[in-house]
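Q: Before we start, here is the structure in question, set down as structure tokens.
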Amino acid sequence: MSLKSFLYSCLLSTLAVTTLSAQGHDTHSPAQHSPATTEQHGQQPQGEAASHGADAHAAEGHAAHAGCHPEEKKSDKYDPVPAVMHHIGDANHFHIIGDLHFPLPVFAYDMENGLTAGLSTMFHHGAKAVNGFVLAHDVVRKAKGLPMGEVDLDEIHDGHYSFVKEELNAKGKKEDHHFVSYKGQCYELEESRKLTNLESSWIDFSITKNVFTMLMALLVIGLAFFKTANYYKNNPNKAPKGIANLMEVFVTFIRDDVAKPSIGPKYEKYMTLLMSIFFFILFNNLFGLIPFFPGGANVMGNISSTIILAVIVFIVVTLSGNKNYWQHIFWMPGVPLPIKILMAPIEFASIFIKPFTLLIRLFANITAGHVIILTFVSLIFIFGNAGQSVGGSAGGSLMAIPFVAFMNILEILVAFLQAFIFTLLSALYIGGAVEEHHHDEAAHH
Amino acid sequence: MTGTLAAVGAGLAVIGAGIGIGQIGGKAMEAIARQPEAVGDIRTNMLIAAALVEGAALATIVLSFFV
């Protein structure tokens, strides 16, 4: 059982990894430079806040392309939105502290020039472009028209090699455009191909922060389950101890409280799927709450990962639907004809709405949790006037620390709850699909 | 301006979901107080009902992002 479960999560993750990479970095990209963008979320050292603080700005843009410099900053006020958006987004390397980064492999496939592979250190913190690819705001982007090979980019201002301009698009909405400068000339940056950017000329297959965290979760789940399986193999008919004891709580909970009551007698066939989904979501959520190096990725707060999970549930539900299930969708028995005609399209739409709400619920809950924690951390910078006022920062920290601690503990509850709800609702949808026909209850369906 | 309106829309959606989930939670507590032995069934059904209410609210919030 546990081996199967492990293999299942392998499959699950591979699928998720592929889509995630193919779609590149979902969620929002950072809008502007700000002191907090160089920090992992979570605790932020005061001293660093003061040293970085001075360059906080809110670059207000207009549609002018002239020159290759960002517009002068209009105010020194700290804007928490870009910092928060940056931290809930994906990245091509892990930030540890200060200028220290944990490199991750980059595989950028250009439609014209082929694959560019290497570690994220090849970009030298954004200072170098490799085959036209640059690292801007911790994310790999492509600069159209840059020469092949390694080139040095112009420094925009202390340590930053790219800048953002806000421009209005055809619909009159503000859009962020990223630029780098090379030999005094401007090059616009292009994001990788994803759902909202299908005509991009390159695809990102990199092991990003999110993908790395998923692989790590997979490893931890695998180790825990192999250990548990070995324990039961070596000590049959004995009370479990250690990790086996811990895992048994979850496994029996999923079996007795989720699978059995929701699916019914055929529950065993779906246990592997439910267990994989539960542990995959749970471990990714918990890793996301660790504020320092190996954690801090926002995997389930990236809509690509939840889309893949929901698609898997959708496929399983649709494939395991029996005659009874389809009959209740298209021509429900015991209902007057006009109602039947009215209900059929609604029931049909609900096939798609169910997995859709499943994916949105998980995505929204995890993203909201991260945003709340990061907003409380931003209080330090708001009160401290972006690091210029030490007293304000101290006051802000006094306020922020209890709030952040409280929210982190609440988020541990949410991590478990959302993993449980996703599994429970998947089990209910599967249960609805495999339920046998009841004569006495037919009128109530 | 559209961003502000979208935020107002999201807020309104949250009011509805809040009332709905509050009702479900409150009634579930009452039910558990009355019949503590049925706590498992009540919890499951409570979560399902809450998930359905939340689903409607989430759909609205997501729509407000696309405005």
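We name chains A, B, ... following the order of the structure tokens; residues begin at 1 in each chain, and ligands are numbered from 1 as shown.
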What are the DSSP strand (DSSP E or B) residues of region 84-317 of chain A, as number ranges by chain?
A: A: 93-97, 100-103, 105-110, 114-119, 128-130, 133-136, 139-143, 150-152, 157, 160, 162-168, 174-182, 185-190, 194, 197, 202-204
Q: Please, which residues in chain A fall within 7 Å of chain B when counting only C-alpha atoms, and what is the closest atom pair and distance in Å to one decimal for each, ordered by chain then residue number, as a Markdown table?
A:
```
| residue | atom | partner | partner_atom | distance |
| --- | --- | --- | --- | --- |
| A:Thr357 | CA | B:Gly55 | CA | 5.3 |
| A:Ile360 | CA | B:Leu58 | CA | 6.8 |
| A:Arg361 | CA | B:Leu58 | CA | 6.7 |
```
Q: Taking only C-alpha atoms into account, which of A:Leu379, A:Leu410, A:Ala91, A:Ile366 comes nearest Thr213 (chain A)?
A: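 Of A:Leu379, A:Leu410, A:Ala91, A:Ile366, the one nearest Thr213 (chain A) is A:Ala91, counting only C-alpha atoms.
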Q: Would you give me, as a ChimeraX atom specification, the residues in region 173-343 of chain A that DSSP reads as helix (DSSP H, G or I)?
A: /A:209-234,242-263,268-289,303-320,323-330,337-343
Q: Between CA of Ile21 (chain B) and CA of Asn45 (chain B), what distance in Å does the model show, to one decimal?
A: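 Interatomic distance here is 12.4 Å.
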Q: Nearest to Ala28 (chain B): which of B:Gly16, B:Ser64, B:Gly11, B:Ala49 is it, counting only C-alpha atoms?
A: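 So, comparing all the options, the nearest one is B:Ala49.
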Q: Write out as a compact mmCIF listing (two decimals) with C-alpha atoms, in the first residue's frame which residues come within 12 Å of Ile372 (chain A) when counting only C-alpha atoms, dropping same-chain ones fewer than 5 positions away.
A:
```txt
# COMPACT_ATOMS: atom_id res chain seq x y z
CA HIS A 41 9.77 35.96 3.80
CA GLY A 42 9.48 35.40 7.48
CA PRO A 80 4.36 46.46 0.42
CA VAL A 81 2.47 45.10 -2.61
CA VAL A 84 4.48 40.54 -1.06
CA MET A 85 3.82 39.58 -4.68
CA HIS A 87 7.50 36.43 -2.17
CA ILE A 88 4.41 34.47 -3.13
CA ALA A 364 -6.83 30.90 -2.50
CA ASN A 365 -6.42 29.61 1.05
CA ILE A 366 -2.69 29.01 0.81
CA THR A 367 -2.01 32.23 -1.10
CA VAL A 377 6.11 41.44 8.07
CA SER A 378 5.73 44.53 5.85
CA LEU A 379 4.41 46.42 8.88
CA ALA A 400 4.46 42.36 13.69
CA PHE A 403 0.83 38.74 14.63
CA VAL A 404 3.23 36.76 12.44
CA ALA A 405 3.68 34.11 15.13
CA PHE A 406 -0.08 33.82 15.53
CA MET A 407 -0.71 33.63 11.79
CA ASN A 408 2.04 31.03 11.35
CA LEU A 410 -3.01 29.36 12.34
CA GLU A 411 -1.50 28.50 8.97
```
Q: Applying 6 Å and only C-alpha atoms, which residues near region 250-265 of chain A remain after dropping the ones on its own chain fewer than 5 positions away? List them as a list in words.
A: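 Counting only C-alpha atoms, the residues come to Leu424, Ala427, Leu428 and Gly431 of chain A.
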Q: Take the selection from the previous step and output its residues with N, CA, C and O atoms, as a compact mmCIF listing (two decimals), in the first residue's frame.
A:
```
# COMPACT_ATOMS: atom_id res chain seq x y z
N LEU A 424 -11.12 15.07 1.29
CA LEU A 424 -12.51 14.71 1.59
C LEU A 424 -13.42 14.98 0.40
O LEU A 424 -14.23 14.13 0.02
N ALA A 427 -12.82 12.56 -2.33
CA ALA A 427 -13.45 11.28 -1.98
C ALA A 427 -14.95 11.35 -2.21
O ALA A 427 -15.56 10.40 -2.71
N LEU A 428 -15.59 12.47 -1.86
CA LEU A 428 -17.03 12.61 -2.06
C LEU A 428 -17.40 12.59 -3.53
O LEU A 428 -18.38 11.96 -3.93
N GLY A 431 -16.99 9.15 -4.62
CA GLY A 431 -18.11 8.39 -4.05
C GLY A 431 -19.39 8.58 -4.84
O GLY A 431 -20.12 7.63 -5.11
```
Q: Could you work out how far CA of Gly222 (chain A) lies from CA of Thr423 (chain A), giving the answer in Å with one decimal?
A: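 One can read the CA of Thr423 (chain A) to CA of Gly222 (chain A) distance as 19.1 Å.
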Q: When you count only C-alpha atoms, which of these residues is closest to Ala143 (chain A): A:Ala129, A:Leu246, A:Ala297, A:Leu362?
A: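 That would be A:Ala129, the residue with the smallest distance to Ala143 (chain A).
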Q: Take CA of Phe280 (chain A) and CA of Gly301 (chain A) and report the distance between them in Å, one decimal.
A: 13.5 Å
Q: Restricting the calculation to only C-alpha atoms, which member of B:Ala50, B:Thr4, B:Leu63, B:Arg43 is positioned closest to Glu30 (chain B)?
A: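 When distances to Glu30 (chain B) are compared using only C-alpha atoms, the smallest one comes from B:Arg43.
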Q: If we count only C-alpha atoms, what is near Ala10 (chain B) at a cut-off of 7 Å, once residues fewer than 2 positions away on the same chain are taken out, given as a PyMOL selection string?
A: chain B and resi 6-8+12-14+60-61+64
Q: Save out the residues we just selected, C-alpha atoms, as a CSV table (one decimal), in the first residue's frame.
A:
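The resulting part35.csv:
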```csv
chain,number,residue,atom,x,y,z
B,6,ALA,CA,-13.3,44.5,-7.8
B,7,ALA,CA,-12.0,44.8,-4.3
B,8,VAL,CA,-15.5,45.9,-3.2
B,12,LEU,CA,-19.3,41.7,-0.6
B,13,ALA,CA,-18.7,38.0,-1.5
B,14,VAL,CA,-16.8,37.5,1.7
B,60,THR,CA,-16.9,35.4,-7.0
B,61,ILE,CA,-13.5,36.4,-5.7
B,64,SER,CA,-13.2,39.9,-9.3
```
Q: Using only C-alpha atoms, determine which residues lie at most 10 Å from region 101-110 of chain A, disregarding the query and same-chain residues fewer than 3 positions distant; provide the list as an mmCIF file with N, CA, C and O atoms, in the first residue's frame.
A:
```cif
data_model
loop_
_atom_site.group_PDB
_atom_site.id
_atom_site.type_symbol
_atom_site.label_atom_id
_atom_site.label_comp_id
_atom_site.auth_asym_id
_atom_site.auth_seq_id
_atom_site.Cartn_x
_atom_site.Cartn_y
_atom_site.Cartn_z
ATOM 1 N N SER A 21 6.550 23.703 -14.946
ATOM 2 C CA SER A 21 7.678 24.223 -15.705
ATOM 3 C C SER A 21 7.208 24.749 -17.042
ATOM 4 O O SER A 21 7.653 25.789 -17.495
ATOM 5 N N ALA A 91 10.651 31.404 -7.977
ATOM 6 C CA ALA A 91 11.956 31.993 -8.231
ATOM 7 C C ALA A 91 12.888 30.934 -8.794
ATOM 8 O O ALA A 91 12.662 29.741 -8.602
ATOM 9 N N ASN A 92 13.928 31.376 -9.495
ATOM 10 C CA ASN A 92 14.873 30.423 -10.073
ATOM 11 C C ASN A 92 16.070 30.139 -9.192
ATOM 12 O O ASN A 92 16.965 29.420 -9.577
ATOM 13 N N HIS A 93 16.124 30.755 -8.018
ATOM 14 C CA HIS A 93 17.104 30.335 -7.018
ATOM 15 C C HIS A 93 16.517 30.580 -5.632
ATOM 16 O O HIS A 93 15.534 31.292 -5.475
ATOM 17 N N PHE A 94 17.132 29.934 -4.652
ATOM 18 C CA PHE A 94 16.663 30.071 -3.283
ATOM 19 C C PHE A 94 17.454 31.170 -2.611
ATOM 20 O O PHE A 94 18.675 31.126 -2.566
ATOM 21 N N HIS A 95 16.785 32.149 -2.075
ATOM 22 C CA HIS A 95 17.502 33.180 -1.355
ATOM 23 C C HIS A 95 17.698 32.729 0.089
ATOM 24 O O HIS A 95 16.750 32.281 0.726
ATOM 25 N N ILE A 96 18.931 32.826 0.605
ATOM 26 C CA ILE A 96 19.168 32.402 1.985
ATOM 27 C C ILE A 96 19.263 33.616 2.877
ATOM 28 O O ILE A 96 18.407 33.863 3.704
ATOM 29 N N ILE A 97 20.309 34.419 2.724
ATOM 30 C CA ILE A 97 20.417 35.671 3.491
ATOM 31 C C ILE A 97 21.383 36.588 2.756
ATOM 32 O O ILE A 97 22.331 36.131 2.113
ATOM 33 N N GLY A 98 21.113 37.879 2.801
ATOM 34 C CA GLY A 98 21.985 38.846 2.144
ATOM 35 C C GLY A 98 22.152 38.524 0.667
ATOM 36 O O GLY A 98 21.176 38.412 -0.050
ATOM 37 N N ASN A 113 16.774 29.172 -30.690
ATOM 38 C CA ASN A 113 18.175 28.872 -30.419
ATOM 39 C C ASN A 113 18.387 27.619 -29.578
ATOM 40 O O ASN A 113 19.516 27.308 -29.230
ATOM 41 N N GLY A 114 17.327 26.927 -29.231
ATOM 42 C CA GLY A 114 17.484 25.686 -28.489
ATOM 43 C C GLY A 114 17.663 25.891 -27.005
ATOM 44 O O GLY A 114 17.352 26.948 -26.451
ATOM 45 N N LEU A 115 18.208 24.846 -26.364
ATOM 46 C CA LEU A 115 18.228 24.790 -24.909
ATOM 47 C C LEU A 115 19.420 25.542 -24.322
ATOM 48 O O LEU A 115 20.538 25.458 -24.818
ATOM 49 N N THR A 116 19.166 26.273 -23.251
ATOM 50 C CA THR A 116 20.229 26.860 -22.446
ATOM 51 C C THR A 116 20.142 26.224 -21.068
ATOM 52 O O THR A 116 19.112 26.343 -20.408
ATOM 53 N N ALA A 117 21.197 25.510 -20.656
ATOM 54 C CA ALA A 117 21.130 24.817 -19.378
ATOM 55 C C ALA A 117 22.298 25.255 -18.511
ATOM 56 O O ALA A 117 23.364 25.607 -19.006
ATOM 57 N N GLY A 118 22.090 25.242 -17.221
ATOM 58 C CA GLY A 118 23.153 25.601 -16.289
ATOM 59 C C GLY A 118 22.577 25.932 -14.935
ATOM 60 O O GLY A 118 21.367 25.904 -14.747
ATOM 61 N N LEU A 119 23.454 26.251 -13.995
ATOM 62 C CA LEU A 119 22.981 26.657 -12.681
ATOM 63 C C LEU A 119 22.603 28.137 -12.708
ATOM 64 O O LEU A 119 23.103 28.896 -13.537
ATOM 65 N N SER A 120 21.758 28.530 -11.782
ATOM 66 C CA SER A 120 21.335 29.935 -11.767
ATOM 67 C C SER A 120 22.483 30.873 -11.418
ATOM 68 O O SER A 120 22.379 32.076 -11.623
ATOM 69 N N THR A 121 23.613 30.308 -10.929
ATOM 70 C CA THR A 121 24.761 31.164 -10.632
ATOM 71 C C THR A 121 25.395 31.722 -11.906
ATOM 72 O O THR A 121 26.170 32.676 -11.836
ATOM 73 N N MET A 122 25.091 31.124 -13.084
ATOM 74 C CA MET A 122 25.708 31.607 -14.323
ATOM 75 C C MET A 122 25.253 33.032 -14.644
ATOM 76 O O MET A 122 25.886 33.700 -15.458
ATOM 77 N N HIS A 125 23.905 36.886 -10.211
ATOM 78 C CA HIS A 125 22.893 37.734 -9.557
ATOM 79 C C HIS A 125 22.297 38.736 -10.534
ATOM 80 O O HIS A 125 22.001 39.870 -10.163
ATOM 81 N N ASN A 131 23.030 33.630 -23.417
ATOM 82 C CA ASN A 131 22.223 33.322 -24.610
ATOM 83 C C ASN A 131 20.919 34.118 -24.636
ATOM 84 O O ASN A 131 19.861 33.613 -25.019
ATOM 85 N N GLY A 132 20.982 35.360 -24.159
ATOM 86 C CA GLY A 132 19.782 36.196 -24.176
ATOM 87 C C GLY A 132 18.900 36.043 -22.955
ATOM 88 O O GLY A 132 17.920 36.764 -22.812
ATOM 89 N N PHE A 133 19.244 35.113 -22.052
ATOM 90 C CA PHE A 133 18.435 34.952 -20.846
ATOM 91 C C PHE A 133 19.062 35.731 -19.703
ATOM 92 O O PHE A 133 20.287 35.732 -19.536
ATOM 93 N N ASP A 138 14.902 37.575 -9.440
ATOM 94 C CA ASP A 138 15.019 36.160 -9.076
ATOM 95 C C ASP A 138 14.346 35.215 -10.063
ATOM 96 O O ASP A 138 14.239 34.018 -9.806
ATOM 97 N N VAL A 140 14.024 33.899 -14.196
ATOM 98 C CA VAL A 140 14.680 33.940 -15.502
ATOM 99 C C VAL A 140 13.721 34.516 -16.537
ATOM 100 O O VAL A 140 12.554 34.131 -16.602
ATOM 101 N N ARG A 141 14.222 35.476 -17.297
ATOM 102 C CA ARG A 141 13.431 36.064 -18.373
ATOM 103 C C ARG A 141 14.318 36.179 -19.601
ATOM 104 O O ARG A 141 15.541 36.144 -19.505
ATOM 105 N N LYS A 142 13.676 36.340 -20.751
ATOM 106 C CA LYS A 142 14.451 36.427 -21.985
ATOM 107 C C LYS A 142 14.438 37.855 -22.513
ATOM 108 O O LYS A 142 13.391 38.488 -22.565
ATOM 109 N N SER A 192 8.399 33.431 -19.584
ATOM 110 C CA SER A 192 8.282 32.142 -20.261
ATOM 111 C C SER A 192 6.828 31.865 -20.617
ATOM 112 O O SER A 192 5.917 32.551 -20.174
ATOM 113 N N SER A 200 4.692 33.423 -26.011
ATOM 114 C CA SER A 200 6.092 33.642 -25.655
ATOM 115 C C SER A 200 6.991 32.741 -26.488
ATOM 116 O O SER A 200 6.619 31.648 -26.882
ATOM 117 N N SER A 201 8.225 33.225 -26.751
ATOM 118 C CA SER A 201 9.100 32.490 -27.667
ATOM 119 C C SER A 201 9.982 31.487 -26.934
ATOM 120 O O SER A 201 10.849 30.883 -27.538
ATOM 121 N N TRP A 202 9.810 31.336 -25.623
ATOM 122 C CA TRP A 202 10.643 30.351 -24.921
ATOM 123 C C TRP A 202 9.851 29.670 -23.814
ATOM 124 O O TRP A 202 8.861 30.193 -23.322
ATOM 125 N N ILE A 203 10.305 28.469 -23.451
ATOM 126 C CA ILE A 203 9.645 27.683 -22.420
ATOM 127 C C ILE A 203 10.640 27.424 -21.298
ATOM 128 O O ILE A 203 11.805 27.139 -21.543
ATOM 129 N N ASP A 204 10.170 27.551 -20.077
ATOM 130 C CA ASP A 204 11.032 27.353 -18.918
ATOM 131 C C ASP A 204 10.812 25.966 -18.331
ATOM 132 O O ASP A 204 9.731 25.656 -17.853
ATOM 133 N N PHE A 205 11.847 25.111 -18.413
ATOM 134 C CA PHE A 205 11.762 23.775 -17.807
ATOM 135 C C PHE A 205 12.605 23.701 -16.533
ATOM 136 O O PHE A 205 12.948 22.627 -16.082
ATOM 137 N N SER A 206 12.960 24.847 -15.983
ATOM 138 C CA SER A 206 13.892 24.876 -14.855
ATOM 139 C C SER A 206 13.315 24.212 -13.615
ATOM 140 O O SER A 206 12.110 24.141 -13.429
ATOM 141 N N ILE A 207 14.240 23.726 -12.772
ATOM 142 C CA ILE A 207 13.852 23.302 -11.435
ATOM 143 C C ILE A 207 13.764 24.576 -10.610
ATOM 144 O O ILE A 207 14.763 25.059 -10.094
ATOM 145 N N THR A 208 12.586 25.143 -10.509
ATOM 146 C CA THR A 208 12.439 26.387 -9.761
ATOM 147 C C THR A 208 12.264 26.070 -8.273
ATOM 148 O O THR A 208 12.290 24.921 -7.867
ATOM 149 N N LYS A 209 12.082 27.122 -7.498
ATOM 150 C CA LYS A 209 11.898 26.980 -6.050
ATOM 151 C C LYS A 209 10.722 26.045 -5.746
ATOM 152 O O LYS A 209 10.831 25.169 -4.894
ATOM 153 N N PHE A 212 11.556 22.437 -6.759
ATOM 154 C CA PHE A 212 12.513 21.916 -5.789
ATOM 155 C C PHE A 212 11.794 21.487 -4.512
ATOM 156 O O PHE A 212 12.047 20.403 -3.970
ATOM 157 N N PHE A 293 15.712 28.807 4.624
ATOM 158 C CA PHE A 293 16.121 28.214 3.356
ATOM 159 C C PHE A 293 15.300 27.046 2.773
ATOM 160 O O PHE A 293 14.664 27.251 1.756
ATOM 161 N N PRO A 294 15.262 25.833 3.343
ATOM 162 C CA PRO A 294 14.657 24.822 2.463
ATOM 163 C C PRO A 294 13.161 25.006 2.272
ATOM 164 O O PRO A 294 12.565 24.366 1.422
#
```
